[in-house]
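Chemist: Structure file entry_37.cif (mmCIF, C-alpha atoms) is given on the next line.
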```cif
data_run
#
loop_
_atom_site.label_atom_id
_atom_site.label_comp_id
_atom_site.auth_asym_id
_atom_site.auth_seq_id
_atom_site.Cartn_x
_atom_site.Cartn_y
_atom_site.Cartn_z
CA MET A 1 19.91 -0.81 29.73
CA GLY A 2 16.52 0.36 30.95
CA LEU A 3 17.08 3.68 29.21
CA ALA A 4 18.01 1.93 25.97
CA TRP A 5 14.91 -0.26 26.03
CA GLY A 6 12.76 2.71 26.97
CA ALA A 7 14.11 4.77 24.06
CA PHE A 8 13.72 1.82 21.70
CA SER A 9 10.12 1.20 22.83
CA ALA A 10 9.27 4.90 22.56
CA ALA A 11 10.75 5.13 19.06
CA SER A 12 8.89 1.99 17.99
CA ALA A 13 5.62 3.26 19.40
CA ALA A 14 6.10 6.63 17.68
CA ALA A 15 6.87 4.93 14.36
CA LEU A 16 3.79 2.74 14.72
CA ALA A 17 1.60 5.75 15.52
CA ALA A 18 3.02 7.70 12.57
CA THR A 19 2.36 4.73 10.31
CA GLY A 20 -1.22 4.50 11.53
CA ARG A 21 -1.68 8.22 10.97
CA PHE A 22 -0.26 7.80 7.44
CA MET A 23 -3.42 5.94 6.47
CA PHE A 24 -5.54 9.06 7.13
CA PRO A 25 -4.59 11.70 4.53
CA ASN A 26 -5.09 15.42 5.16
CA VAL A 27 -6.53 16.06 1.69
CA LEU A 28 -9.40 14.25 -0.01
CA ASN A 29 -10.09 14.33 -3.74
CA GLU A 30 -13.83 14.11 -3.23
CA PRO A 31 -16.47 16.58 -4.42
CA PRO A 32 -17.50 19.20 -1.85
CA GLN A 33 -20.64 18.48 0.17
CA GLN A 34 -22.11 21.88 -0.64
CA PHE A 35 -22.70 23.38 -4.08
CA LYS A 36 -24.71 26.05 -5.89
CA ALA A 37 -27.17 24.58 -8.34
CA GLY A 38 -28.08 27.68 -10.39
CA PHE A 39 -31.25 29.79 -10.32
CA PRO A 40 -34.73 28.36 -9.69
CA ASN A 41 -36.01 29.50 -13.10
CA GLU A 42 -33.44 27.22 -14.77
CA TYR A 43 -35.48 24.18 -13.73
CA GLY A 44 -38.69 22.71 -15.13
CA MET A 45 -41.09 20.49 -13.22
CA GLY A 46 -39.95 17.01 -12.30
CA VAL A 47 -36.71 15.18 -11.58
CA ASP A 48 -33.45 16.80 -12.71
CA GLU A 49 -30.45 14.49 -12.98
CA ARG A 50 -27.69 16.98 -13.81
CA TRP A 51 -26.06 16.84 -10.34
CA LYS A 52 -26.36 13.10 -9.79
CA GLU A 53 -22.95 12.11 -11.16
CA LYS A 54 -20.89 14.78 -9.43
CA PHE A 55 -22.67 15.56 -6.16
CA GLY A 56 -25.00 12.60 -5.64
CA VAL A 57 -28.34 14.44 -5.50
CA TRP A 58 -31.48 14.67 -7.60
CA LEU A 59 -32.99 18.14 -7.67
CA ILE A 60 -36.77 17.93 -7.98
CA ARG A 61 -39.28 20.66 -8.68
CA THR A 62 -42.81 19.79 -7.66
CA PRO A 63 -46.17 21.60 -7.85
CA GLU A 64 -47.16 20.07 -4.51
CA ASP A 65 -44.93 18.51 -1.88
CA VAL A 66 -46.07 15.26 -0.30
CA ASP A 67 -45.90 16.70 3.23
CA LEU A 68 -46.01 20.50 2.95
CA LYS A 69 -48.65 20.62 0.15
CA VAL A 70 -46.93 23.64 -1.47
CA SER A 71 -44.87 24.03 -4.66
CA GLY A 72 -41.06 24.22 -4.67
CA PHE A 73 -37.76 22.33 -4.72
CA TYR A 74 -36.22 19.51 -2.76
CA ALA A 75 -32.93 17.60 -3.10
CA LEU A 76 -32.97 13.82 -2.78
CA ILE A 77 -29.75 12.05 -1.87
CA THR A 78 -29.01 9.27 -4.38
CA VAL A 79 -28.29 6.59 -1.78
CA CYS A 80 -30.74 3.69 -1.50
CA THR A 81 -31.93 3.27 2.09
CA HIS A 82 -31.66 -0.51 1.80
CA LEU A 83 -27.90 -1.14 1.43
CA GLY A 84 -26.53 2.05 -0.07
CA CYS A 85 -26.46 1.47 -3.86
CA THR A 86 -27.36 4.27 -6.27
CA PRO A 87 -30.85 3.89 -7.77
CA ASN A 88 -31.70 4.83 -11.38
CA PHE A 89 -34.42 7.28 -12.32
CA LEU A 90 -36.88 5.60 -14.70
CA SER A 91 -38.61 8.50 -16.43
CA ALA A 92 -41.15 6.25 -18.18
CA GLU A 93 -42.43 4.98 -14.86
CA ASN A 94 -41.59 8.19 -13.00
CA LYS A 95 -39.86 6.38 -10.15
CA PHE A 96 -36.42 5.62 -8.72
CA LYS A 97 -35.46 1.97 -9.01
CA CYS A 98 -32.44 0.47 -7.29
CA PRO A 99 -30.59 -2.04 -9.51
CA CYS A 100 -29.13 -3.98 -6.57
CA HIS A 101 -32.22 -5.45 -4.90
CA GLY A 102 -35.15 -3.76 -6.66
CA SER A 103 -36.19 -1.14 -4.14
CA GLY A 104 -38.54 1.44 -5.70
CA PHE A 105 -39.14 5.03 -4.63
CA ARG A 106 -41.68 7.63 -5.80
CA THR A 107 -40.31 10.95 -7.01
CA SER A 108 -41.15 12.27 -3.54
CA GLY A 109 -38.53 9.81 -2.23
CA ILE A 110 -41.06 7.59 -0.47
CA ASN A 111 -40.37 3.86 -0.77
CA PHE A 112 -43.19 1.71 -2.15
CA GLU A 113 -41.63 -1.57 -3.37
CA GLY A 114 -38.69 -3.83 -2.65
CA PRO A 115 -36.67 -4.19 0.55
CA ALA A 116 -35.94 -0.51 1.30
CA PRO A 117 -37.21 0.13 4.85
CA ARG A 118 -37.61 3.93 4.67
CA PRO A 119 -37.77 6.84 2.21
CA LEU A 120 -34.73 8.37 0.53
CA GLU A 121 -33.09 11.15 2.53
CA ARG A 122 -33.39 14.79 1.52
CA ALA A 123 -30.47 17.26 1.63
CA ARG A 124 -30.56 20.81 2.97
CA ILE A 125 -31.78 23.18 0.28
CA VAL A 126 -31.89 27.00 0.66
CA LEU A 127 -31.53 30.13 -1.45
CA ALA A 128 -28.04 31.63 -1.39
CA ASP A 129 -27.45 35.40 -1.14
CA ASP A 130 -27.09 35.71 -4.89
CA GLY A 131 -30.45 34.03 -5.49
CA GLN A 132 -29.03 30.65 -6.53
CA ILE A 133 -30.18 27.35 -5.06
CA LEU A 134 -27.71 26.07 -2.48
CA VAL A 135 -27.65 22.33 -1.80
CA ASP A 136 -25.83 21.00 1.25
CA ARG A 137 -25.47 17.23 1.34
CA SER A 138 -23.86 17.22 4.79
CA ARG A 139 -27.23 17.96 6.44
CA LYS A 140 -29.82 15.26 5.91
CA PHE A 141 -33.57 15.14 6.56
CA GLN A 142 -35.42 11.87 7.12
CA ARG A 143 -39.18 11.60 6.67
CA GLU A 144 -39.65 8.85 9.26
CA LEU A 145 -38.24 11.32 11.80
CA ALA A 146 -40.70 13.98 10.56
CA GLN A 147 -37.80 16.13 9.35
CA TRP A 148 -39.18 16.83 5.86
CA THR A 149 -41.24 19.67 7.27
CA ASP A 150 -38.07 21.45 8.37
CA PRO A 151 -37.82 24.86 6.61
CA GLU A 152 -34.43 23.89 5.14
CA ALA A 153 -35.62 20.54 3.79
CA PHE A 154 -37.82 22.19 1.16
CA LEU A 155 -37.39 25.37 -0.87
CA LYS A 156 -40.74 27.03 -1.49
CA ALA A 157 -41.04 28.60 -4.94
CA MET B 1 25.27 -30.26 61.86
CA ALA B 2 24.11 -26.77 61.16
CA ASP B 3 20.50 -26.03 60.50
CA THR B 4 19.69 -25.67 56.83
CA LYS B 5 17.27 -23.03 55.80
CA THR B 6 15.31 -23.35 52.57
CA VAL B 7 14.20 -20.19 50.82
CA ALA B 8 11.29 -20.38 48.43
CA PRO B 9 11.90 -18.56 45.13
CA LYS B 10 10.28 -15.16 44.96
CA GLU B 11 6.89 -15.33 43.31
CA GLY B 12 5.54 -11.93 42.42
CA PRO B 13 2.23 -11.46 40.60
CA LEU B 14 4.08 -11.11 37.26
CA THR B 15 5.83 -14.46 37.73
CA ARG B 16 2.55 -16.11 38.66
CA PHE B 17 0.86 -14.56 35.61
CA TRP B 18 3.71 -15.76 33.38
CA ASN B 19 3.49 -19.27 34.84
CA TRP B 20 -0.25 -19.34 34.28
CA LEU B 21 0.02 -17.91 30.75
CA THR B 22 2.63 -20.41 29.57
CA GLU B 23 0.47 -23.30 30.67
CA THR B 24 -2.71 -22.28 28.90
CA GLN B 25 -3.83 -24.39 25.96
CA ALA B 26 -3.46 -21.45 23.54
CA TRP B 27 0.17 -20.86 24.56
CA THR B 28 1.22 -24.50 24.50
CA SER B 29 -0.43 -25.00 21.12
CA ILE B 30 1.80 -22.23 19.69
CA PHE B 31 5.06 -22.87 21.58
CA ARG B 32 5.62 -26.61 21.73
CA HIS B 33 8.67 -26.74 23.94
CA ASP B 34 9.12 -26.75 27.70
CA ARG B 35 10.53 -23.79 29.57
CA PRO B 36 14.10 -23.05 28.39
CA ASN B 37 15.72 -24.35 31.57
CA THR B 38 18.01 -26.92 29.96
CA ASP B 39 20.38 -26.78 26.98
CA ARG B 40 18.11 -29.06 25.01
CA ASN B 41 15.04 -26.92 25.64
CA ARG B 42 16.95 -23.77 24.71
CA VAL B 43 17.83 -25.39 21.37
CA LEU B 44 14.19 -26.39 20.88
CA VAL B 45 13.10 -22.77 21.44
CA VAL B 46 15.09 -21.83 18.34
CA LEU B 47 14.41 -24.91 16.22
CA SER B 48 10.64 -25.00 16.75
CA ASN B 49 10.09 -21.36 15.79
CA VAL B 50 9.88 -20.42 12.12
CA PHE B 51 11.39 -16.98 12.68
CA LEU B 52 14.09 -17.94 15.16
CA HIS B 53 15.18 -21.03 13.23
CA LEU B 54 16.58 -18.78 10.47
CA HIS B 55 19.29 -18.06 13.02
CA PRO B 56 21.76 -20.77 13.95
CA VAL B 57 21.53 -22.22 17.44
CA ARG B 58 25.24 -21.70 17.86
CA LEU B 59 27.65 -19.50 15.96
CA ARG B 60 31.36 -18.88 16.04
CA LYS B 61 32.83 -15.91 17.85
CA SER B 62 33.93 -14.13 14.68
CA GLY B 63 30.29 -14.16 13.51
CA VAL B 64 29.30 -11.59 16.11
CA ARG B 65 32.42 -9.45 15.93
CA LEU B 66 31.35 -6.21 14.27
CA ARG B 67 34.90 -5.46 13.16
CA TYR B 68 34.87 -8.73 11.25
CA THR B 69 31.38 -8.78 9.68
CA TRP B 70 30.53 -5.05 9.58
CA CYS B 71 26.94 -6.38 9.87
CA MET B 72 26.47 -5.27 6.28
CA GLY B 73 24.57 -8.39 5.23
CA GLY B 74 22.22 -8.03 8.20
CA LEU B 75 21.78 -4.33 7.50
CA SER B 76 20.97 -5.05 3.84
CA PHE B 77 18.30 -7.50 4.96
CA PHE B 78 16.96 -5.03 7.51
CA LEU B 79 16.80 -2.30 4.85
CA PHE B 80 15.02 -4.70 2.50
CA LEU B 81 12.39 -5.35 5.18
CA SER B 82 11.90 -1.65 5.90
CA LEU B 83 11.73 -0.91 2.15
CA THR B 84 9.08 -3.61 1.78
CA LEU B 85 7.05 -2.07 4.59
CA THR B 86 7.36 1.57 3.45
CA GLY B 87 6.82 0.51 -0.17
CA LEU B 88 3.63 -1.29 0.80
CA LEU B 89 2.38 1.86 2.53
CA LEU B 90 3.26 4.00 -0.50
CA MET B 91 1.22 1.68 -2.71
CA PHE B 92 -1.90 2.83 -0.85
CA TYR B 93 -1.50 6.29 -2.40
CA TYR B 94 0.45 5.88 -5.65
CA ARG B 95 -1.25 5.21 -8.99
CA PRO B 96 1.08 4.27 -11.87
CA THR B 97 -0.66 6.22 -14.66
CA LEU B 98 0.39 9.25 -16.68
CA GLU B 99 -2.47 11.24 -15.19
CA TYR B 100 -1.82 10.54 -11.51
CA ALA B 101 1.76 9.32 -10.95
CA TYR B 102 3.45 12.68 -10.45
CA SER B 103 0.60 14.33 -8.54
CA ASP B 104 0.38 11.31 -6.24
CA ILE B 105 4.10 11.67 -5.50
CA VAL B 106 3.55 15.35 -4.66
CA GLY B 107 0.56 14.32 -2.57
CA LEU B 108 2.73 11.88 -0.63
CA ARG B 109 4.71 14.90 0.50
CA GLU B 110 1.96 17.50 0.87
CA HIS B 111 -1.32 15.68 1.61
CA VAL B 112 -0.20 12.92 3.94
CA PRO B 113 0.71 13.30 7.62
CA LEU B 114 4.46 13.90 8.18
CA GLY B 115 5.09 13.45 4.46
CA ILE B 116 8.33 11.52 4.89
CA MET B 117 7.20 7.99 4.02
CA ARG B 118 8.46 8.41 0.47
CA GLU B 119 11.72 9.94 1.67
CA MET B 120 12.27 6.99 4.01
CA HIS B 121 11.74 4.64 1.06
CA ARG B 122 14.16 6.68 -1.04
CA TRP B 123 16.86 6.99 1.60
CA GLY B 124 16.46 3.34 2.48
CA ALA B 125 16.94 2.42 -1.17
CA HIS B 126 20.14 4.45 -1.42
CA ALA B 127 21.36 2.97 1.85
CA MET B 128 20.63 -0.58 0.67
CA VAL B 129 22.72 -0.13 -2.47
CA ILE B 130 25.59 1.09 -0.27
CA THR B 131 25.28 -1.71 2.29
CA VAL B 132 25.08 -4.38 -0.42
CA TRP B 133 28.30 -3.07 -1.99
CA LEU B 134 30.03 -2.93 1.40
CA HIS B 135 28.79 -6.43 2.20
CA MET B 136 30.35 -7.73 -1.00
CA PHE B 137 33.53 -5.80 -0.30
CA ARG B 138 33.77 -7.38 3.17
CA VAL B 139 33.05 -10.85 1.80
CA PHE B 140 35.74 -10.31 -0.79
CA MET B 141 38.34 -8.99 1.64
CA THR B 142 37.78 -11.82 4.14
CA GLY B 143 37.98 -14.39 1.36
CA SER B 144 34.50 -15.64 2.21
CA TYR B 145 33.75 -16.31 -1.46
CA LYS B 146 36.20 -19.24 -1.58
CA PRO B 147 35.06 -22.89 -1.84
CA PRO B 148 32.67 -24.17 -0.68
CA ARG B 149 31.05 -20.74 -0.71
CA GLU B 150 31.53 -19.89 -4.40
CA PHE B 151 27.90 -20.74 -5.21
CA ASN B 152 26.63 -18.38 -2.51
CA TRP B 153 28.91 -15.66 -3.88
CA SER B 154 27.23 -16.16 -7.27
CA VAL B 155 23.78 -15.95 -5.67
CA GLY B 156 24.97 -12.72 -4.05
CA VAL B 157 26.09 -11.30 -7.38
CA VAL B 158 22.64 -11.97 -8.84
CA MET B 159 21.07 -10.26 -5.81
CA LEU B 160 23.37 -7.26 -6.35
CA VAL B 161 22.00 -7.00 -9.89
CA LEU B 162 18.43 -7.34 -8.58
CA THR B 163 19.11 -4.60 -5.99
CA LEU B 164 20.34 -2.28 -8.74
CA LEU B 165 17.35 -3.18 -10.93
CA LEU B 166 15.01 -2.40 -8.03
CA SER B 167 16.68 1.00 -7.75
CA PHE B 168 16.45 1.49 -11.52
CA THR B 169 12.75 0.59 -11.75
CA GLY B 170 11.92 2.68 -8.68
CA TYR B 171 13.71 5.63 -10.25
CA LEU B 172 11.01 5.99 -12.94
CA LEU B 173 7.98 5.94 -10.66
CA PRO B 174 8.01 9.64 -9.53
CA TRP B 175 7.42 10.41 -13.22
CA ASP B 176 9.19 13.77 -13.17
CA GLN B 177 11.66 15.04 -15.78
CA LEU B 178 14.60 13.49 -13.95
CA ALA B 179 12.91 10.10 -13.88
CA ILE B 180 11.76 10.07 -17.50
CA TRP B 181 15.08 11.17 -18.98
CA ALA B 182 17.13 9.00 -16.66
CA ILE B 183 15.19 5.93 -17.76
CA THR B 184 15.34 7.09 -21.39
CA VAL B 185 19.12 7.22 -21.14
CA GLY B 186 19.35 4.03 -19.09
CA SER B 187 17.06 1.98 -21.29
CA ASN B 188 18.88 3.16 -24.41
CA MET B 189 21.64 0.82 -23.33
CA ALA B 190 19.30 -2.05 -24.14
CA ARG B 191 19.47 -1.01 -27.80
CA ALA B 192 23.04 -2.27 -27.80
CA THR B 193 22.23 -5.75 -26.42
CA PRO B 194 24.11 -8.32 -28.51
CA PHE B 195 21.73 -9.92 -31.01
CA LEU B 196 18.60 -8.83 -29.11
CA GLY B 197 18.98 -5.03 -29.31
CA TYR B 198 18.36 -3.56 -32.75
CA GLU B 199 21.54 -1.48 -32.65
CA GLY B 200 23.59 -4.16 -30.92
CA PRO B 201 26.37 -6.29 -32.38
CA GLY B 202 25.02 -9.18 -34.38
CA ALA B 203 21.53 -7.71 -34.74
CA SER B 204 22.09 -7.29 -38.47
CA LEU B 205 22.72 -11.03 -38.68
CA MET B 206 19.27 -11.75 -37.25
CA THR B 207 17.42 -11.82 -40.53
CA LEU B 208 15.23 -14.39 -42.14
CA GLY B 209 14.94 -14.24 -45.90
CA GLY B 210 16.01 -10.60 -45.90
CA VAL B 211 13.45 -9.61 -43.27
CA PRO B 212 15.10 -8.21 -40.09
CA LEU B 213 13.97 -10.15 -37.03
CA VAL B 214 15.23 -7.58 -34.50
CA HIS B 215 14.01 -4.02 -34.97
CA ALA B 216 12.91 -1.10 -32.78
CA GLY B 217 9.45 -2.62 -32.35
CA ASP B 218 10.46 -6.00 -30.95
CA ASP B 219 13.94 -5.82 -29.43
CA ALA B 220 15.12 -6.03 -25.82
CA ARG B 221 14.45 -2.35 -25.18
CA PHE B 222 10.89 -2.70 -26.41
CA ALA B 223 10.31 -5.61 -24.02
CA LEU B 224 11.60 -3.47 -21.16
CA LEU B 225 9.57 -0.37 -21.99
CA GLY B 226 6.41 -1.89 -23.44
CA GLY B 227 6.76 0.66 -26.24
CA THR B 228 9.33 2.49 -28.31
CA PHE B 229 9.77 5.33 -25.82
CA VAL B 230 9.37 5.89 -22.06
CA GLY B 231 5.60 6.25 -21.81
CA GLU B 232 2.54 4.72 -20.21
CA GLY B 233 3.62 1.15 -20.91
CA ALA B 234 7.05 1.71 -19.39
CA LEU B 235 5.57 3.25 -16.25
CA LEU B 236 3.24 0.29 -15.67
CA ARG B 237 5.95 -2.28 -16.47
CA PHE B 238 8.45 -0.66 -14.15
CA TYR B 239 5.80 -0.40 -11.42
CA VAL B 240 4.89 -4.09 -11.62
CA LEU B 241 8.55 -5.12 -11.73
CA HIS B 242 9.41 -2.79 -8.85
CA CYS B 243 6.54 -3.80 -6.56
CA VAL B 244 6.05 -7.48 -7.36
CA GLY B 245 8.43 -9.12 -9.82
CA LEU B 246 11.86 -8.10 -8.56
CA PRO B 247 11.00 -8.25 -4.81
CA LEU B 248 9.68 -11.79 -5.27
CA ALA B 249 12.81 -12.85 -7.11
CA ILE B 250 15.17 -11.30 -4.55
CA ALA B 251 13.16 -12.75 -1.63
CA VAL B 252 13.53 -16.28 -3.04
CA LEU B 253 17.25 -15.74 -3.56
CA MET B 254 17.61 -14.35 -0.03
CA ALA B 255 16.09 -17.54 1.35
CA VAL B 256 18.61 -19.55 -0.69
CA HIS B 257 21.43 -17.23 0.38
CA PHE B 258 20.75 -17.48 4.12
CA TRP B 259 20.16 -21.22 3.99
CA ARG B 260 23.39 -21.65 2.07
CA VAL B 261 25.33 -19.58 4.63
CA ARG B 262 24.27 -22.11 7.27
CA LYS B 263 25.06 -25.11 5.09
CA ASP B 264 28.50 -23.74 4.24
CA GLY B 265 29.55 -23.52 7.87
CA GLY B 266 28.12 -20.28 9.25
CA ILE B 267 28.91 -16.69 8.47
CA SER B 268 32.26 -15.25 7.64
CA GLY B 269 34.55 -17.47 9.66
CA PRO B 270 37.90 -18.47 8.29
CA LEU B 271 37.58 -22.02 7.00
#
```
In structure tokens, how does this file's structure come out?

Modeler:
Amino acid sequence: MGLAWGAFSAASAAALAATGRFMFPNVLNEPPQQFKAGFPNEYGMGVDERWKEKFGVWLIRTPEDVDLKVSGFYALITVCTHLGCTPNFLSAENKFKCPCHGSGFRTSGINFEGPAPRPLERARIVLADDGQILVDRSRKFQRELAQWTDPEAFLKA
Amino acid sequence: MADTKTVAPKEGPLTRFWNWLTETQAWTSIFRHDRPNTDRNRVLVVLSNVFLHLHPVRLRKSGVRLRYTWCMGGLSFFLFLSLTLTGLLLMFYYRPTLEYAYSDIVGLREHVPLGIMREMHRWGAHAMVITVWLHMFRVFMTGSYKPPREFNWSVGVVMLVLTLLLSFTGYLLPWDQLAIWAITVGSNMARATPFLGYEGPGASLMTLGGVPLVHAGDDARFALLGGTFVGEGALLRFYVLHCVGLPLAIAVLMAVHFWRVRKDGGISGPL
């Protein structure tokens, strides 16, 4: 009797565990965190929106970075630092504006209006071996933690 | 006169915990009967619990004899419950569209831990069809369909049809060649529905002023498929019927069926 109940309990527990594990698939149909964005000379000055839809970053070429004071590229992650919506880029006003609660960000990513408490986050940006720009969204740099001066937060060019 | 010795009942920490637990306000607000130490309280345990009260307080000996009941009705119900549970879990991954249906089925084998949830649903479905048939066979052979149980037999026949329809609608969902052509063949039968199928007997009589009322675009088969062939509309229709419509219908009939078993004098006994 004890053996029967033990086997029954063990089988039930195993089935429950397997069911719980079922909710965590081994394969995700999400875009990769890391992608090659082409060669630097394919970009003009200003905000480029070509990767926003697929990878969730704006690639920006600037003559002078807000912190480093040199020219080059940086990748802003398109997640509002207020509650996580995706802001729009308003080219006429040259700013990012979140449609949810009205947070506004300069093209540098620094917040200047609305409820957002901190600047947008930047993604890792480096040159790949073949000379293309490599953007890696899994590594993030936050200005309020003084991480924008990290060598991989900005691509000098 | 000999000395009498009284022995206090053993009170281990588990017993004391149990005694404390069953006297808390939370416990007594859920279970509104005293401890089952009398016949009356044991009856109340069953009657005051929504799950237990589905079972009779008392049943005749033949009701628990496996050689008499085969437990096929109980097994059918058990399989229905497990199919509901596995089906619910499958719905988290399956999308009933032409673009995703088949690849989601493959994903349920390749991308999900263990990869047998769909197989359990499939095997369970086959098993349920078998147990329902055997249940009806047993009921027939023991004469349990006779008055006053003839209404419950009829309810059972409808549930047999619903079980087969659940199998039929589930058959299409993998959206592979087998599924599509099987449903094409199966649904072609609806063409021959009397009066309502456009190739069926009497369909040619359904005209109004020379205009045919029943044609390929509005007959019984069209209503089933949501189109003139097995396509997107059919997949969505079969999905909704399989996951919501038919399970709801069969669940209501099961409630009637079980209630009726009790009202007609308990399961399977000779009357």

Chemist: If we count only C-alpha atoms, what is near stretch 140-153 of chain A at a cut-off of 10 Å, once residues fewer than 6 positions away on the same chain are taken out, given as a count of residues only?

Modeler: 21

Chemist: To one decimal in Å, tell me the separation between atom CA of B:Leu224 and atom CA of B:Arg237.

Modeler: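 These atoms are spaced 7.4 Å apart.
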
Chemist: Hey, which bits of chain A sit within 12 Å of chain B, and for each residue what's the closest pair of atoms and how far apart in Å (one decimal), counting only C-alpha atoms, rows by chain and increasing number, as JSON lines?

Modeler:
```
{"residue": "A:Ala15", "atom": "CA", "partner": "B:Met117", "partner_atom": "CA", "distance": 10.8}
{"residue": "A:Leu16", "atom": "CA", "partner": "B:Leu85", "partner_atom": "CA", "distance": 11.7}
{"residue": "A:Ala17", "atom": "CA", "partner": "B:Pro113", "partner_atom": "CA", "distance": 11.0}
{"residue": "A:Ala18", "atom": "CA", "partner": "B:Leu114", "partner_atom": "CA", "distance": 7.7}
{"residue": "A:Thr19", "atom": "CA", "partner": "B:Leu89", "partner_atom": "CA", "distance": 8.3}
{"residue": "A:Gly20", "atom": "CA", "partner": "B:Pro113", "partner_atom": "CA", "distance": 9.8}
{"residue": "A:Arg21", "atom": "CA", "partner": "B:Pro113", "partner_atom": "CA", "distance": 6.5}
{"residue": "A:Phe22", "atom": "CA", "partner": "B:Pro113", "partner_atom": "CA", "distance": 5.6}
{"residue": "A:Met23", "atom": "CA", "partner": "B:Val112", "partner_atom": "CA", "distance": 8.1}
{"residue": "A:Phe24", "atom": "CA", "partner": "B:Val112", "partner_atom": "CA", "distance": 7.3}
{"residue": "A:Pro25", "atom": "CA", "partner": "B:Val112", "partner_atom": "CA", "distance": 4.6}
{"residue": "A:Asn26", "atom": "CA", "partner": "B:His111", "partner_atom": "CA", "distance": 5.2}
{"residue": "A:Val27", "atom": "CA", "partner": "B:His111", "partner_atom": "CA", "distance": 5.2}
{"residue": "A:Leu28", "atom": "CA", "partner": "B:His111", "partner_atom": "CA", "distance": 8.4}
{"residue": "A:Asn29", "atom": "CA", "partner": "B:His111", "partner_atom": "CA", "distance": 10.4}
```

Chemist: When the PyMOL selection byres ((chain B and resi 162) around 12) is applied to the file above, which residues end up in the set, as number ranges by chain?

Modeler: B: 80, 128-129, 132, 155-161, 163-170, 241-242, 245-254

Chemist: Skip B:Pro36 itself and residues of its chain fewer than 6 positions away, then list as a count of residues only all residues within 12 Å of it, counting only C-alpha atoms.

Modeler: 6

Chemist: Can you measure atom CA of B:Thr228 to atom CA of B:Tyr198 for me? One decimal in Å is fine.

Modeler: 11.7 Å

Chemist: Between atom CA of B:Ala220 and atom CA of B:Leu196, what is the distance in Å, rounded to a tenth?

Modeler: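 Calculated distance between atom CA of B:Ala220 and atom CA of B:Leu196 is 5.5 Å.
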
Chemist: Fewer than 2 positions away in the same chain doesn't count, so skip those; otherwise give me all residues within 10 Å of A:Gly102, counting all atoms listed in the file, as an MDAnalysis selection string.

Modeler: chainID A and resid 82 87 96:100 104:105 113:116

Chemist: Restricting the calculation to all atoms listed in the file: of A:Glu64, A:Phe55, A:Glu49, A:Gly2, which residue gets closest to A:Glu30?

Modeler: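 For A:Glu30, the nearest of the given residues is A:Phe55.
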
Chemist: Choose the residue, out of A:Gln132, A:Thr107, A:Ser12, A:Thr78, that has the smallest atom-to-atom separation from A:Met45; count all atoms listed in the file.

Modeler: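 Result for the nearest residue to A:Met45: A:Thr107.
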
Chemist: Could you write out as a PyMOL selection string the residues that the PyMOL selection byres ((chain A and resi 72) around 6) matches in the shown file?

Modeler: chain A and resi 61-62+71+73+155-157

Chemist: With distances taken over all atoms listed in the file, which of B:Ile267, B:Trp153, B:Trp20, B:Ala234 is nearest to B:Gly63?

Modeler: B:Ile267
